[in-house]
Amino acid sequence: MSPEPIVAGVLATVLVVYELTGGADFGGGVWELLASGPRRRAQRDAIASAIGPIWEANHVWLILALVITFASFPRAFALISTALHVPLLLLLFGVVLRGTAFVFRAYDQRDDAVQARWSAIFAAASVFCPVALGVVVGALASGAVQLGSLDLVGTWLRPFPFAVGFLNLAIVSFLAAVYLTLDTRHDPPLQEDFRRRGLWAAGAVFVLAWIAFCLARDGAPEVWHGLWSSRWALPFQVAVAVCGVGCIAALWTRSFLLARDLAAVQVALVVGGWAASQYPFVVPPDLTVHEAAPHRVLWTLLAVLGAGALPLLAAYGWMVWIFKRDDAR
């Protein structure tokens with residue numbers, strides 16, 4: 001068996017997990033920025049309480065994705081980090097700025113002016129980061145990142161990458177709102193606030209997904225073909241639609257646990273669909289997974305990942321259980 005598809009599948013899985021965890025943290029910052037009404041402070045407190053214990057740990061998935069890409073697909077890593085270094089650098093700056101603001105807000109002076117300043121920085125970075133990450137993904141999917149190209153702006157400064165960026169912003173906001181309906185289950189009025197936000201975000205995801213899909217025909221033809229005319233396109237679209245409609249129905253009927261599960265499956269399908277539509281390319285149209293590192297490197301990497309998966313997942317699961325169980329609140 002060739003190791004390249006296995007490594008590519010592991011990488012896609014790690015990216016899905018990061019979107020479901022770290023992405024939802026970014027979405028929490030979006031809702032902090034948009035907090036309003038008589039329960040505005042309570043909304044922000046609920047978001048901080050939900051994010052606080054685990055936000056740093058969620059970045060382990062992004063780090064793991066970078067390590068896998070660097071070790072398995074070094075040529076792709078070099079090309080991506082060169083051609084897209086501007087949005088990647090802005091993303092890194094936003095992540096650091098967001099984390100710094102979140103920590104300083106917790107330990108700096110408690111007067112309103114200081115708290116408002118750090119909150120504004122945290123919320124603004126939370127909006128910026130998922131857009132930048134989506135722009136990177138959109139630029140890769142578009143096929144604009146090519147070997148030998150020295151155009152460091154035209155590769156990503158296009159309509160399709162930004163459509164994907166704003167779609168990613170809507171997705172993480174949707175995830176965060178749905179997750180927060182469970183985190184606020186002991187405060188029904190606050191839960192209703194996030195339920196309404198989840199419904200609005202679901203509508204935004206639907207609209208932006210269609211915009212990105214329409215732009216993909218010219219902006220990312222390989223992705224468009226994979227999502228429209230491949231043999232798995234119809235089952236994929238049906239599955240995404242069923243999860244999306246089911247999640248909206250669950251939010252409408254206040255079945256919040258079901259809504260969370262369906263939202264997670266829907267987002268996993270969307271990210272997985274992008275990866276599947278791009279396969280076998282790591283960086284279309286030049287680099288495929290079969291131009292990866294030597295097999296001995298890939299098998300060693302898979303062995304290390306297998307050995308490290310158990311303690312990583314056990315520690316992460318234990319942490320989430322400790323901080324998310326009812327008696328920890």
# chains A, B, ... in the order shown; residues from 1 in each chain; ligands from 1
$ residues_around --residues "stretch 167-178 of chain A" --least-positions-apart "2" --cutoff "6 Å" --atoms "only C-alpha atoms" --output "count of residues only"
18
$ closest_residue --among "A:Val136, A:Leu64, A:Ala113, A:Leu157" --to "A:Ala309" --atoms "only C-alpha atoms"
A:Leu64
$ select_by_dssp --residues "stretch 74-299 of chain A" --states "strand (DSSP E)" --output "ChimeraX atom specification"
/A:281-283,287-288
$ closest_residue --among "A:Gln191, A:Ser36, A:Ser72, A:Thr82" --to "A:Phe256" --atoms "only C-alpha atoms"
A:Gln191
$ residues_around --residues "A:Trp228" --least-positions-apart "2" --cutoff "12 Å" --atoms "only C-alpha atoms" --output "VMD selection string"
chain A and resid 213 to 214 216 to 217 221 to 226 230 to 238 273 to 274 277
$ closest_residue --among "A:Gly154, A:Gly246, A:Gly306, A:Pro161" --to "A:Leu199" --atoms "only C-alpha atoms"
A:Gly246
$ closest_residue --among "A:Ala101, A:Leu133, A:Ala275, A:Ala204" --to "A:Trp118" --atoms "only C-alpha atoms"
A:Ala101
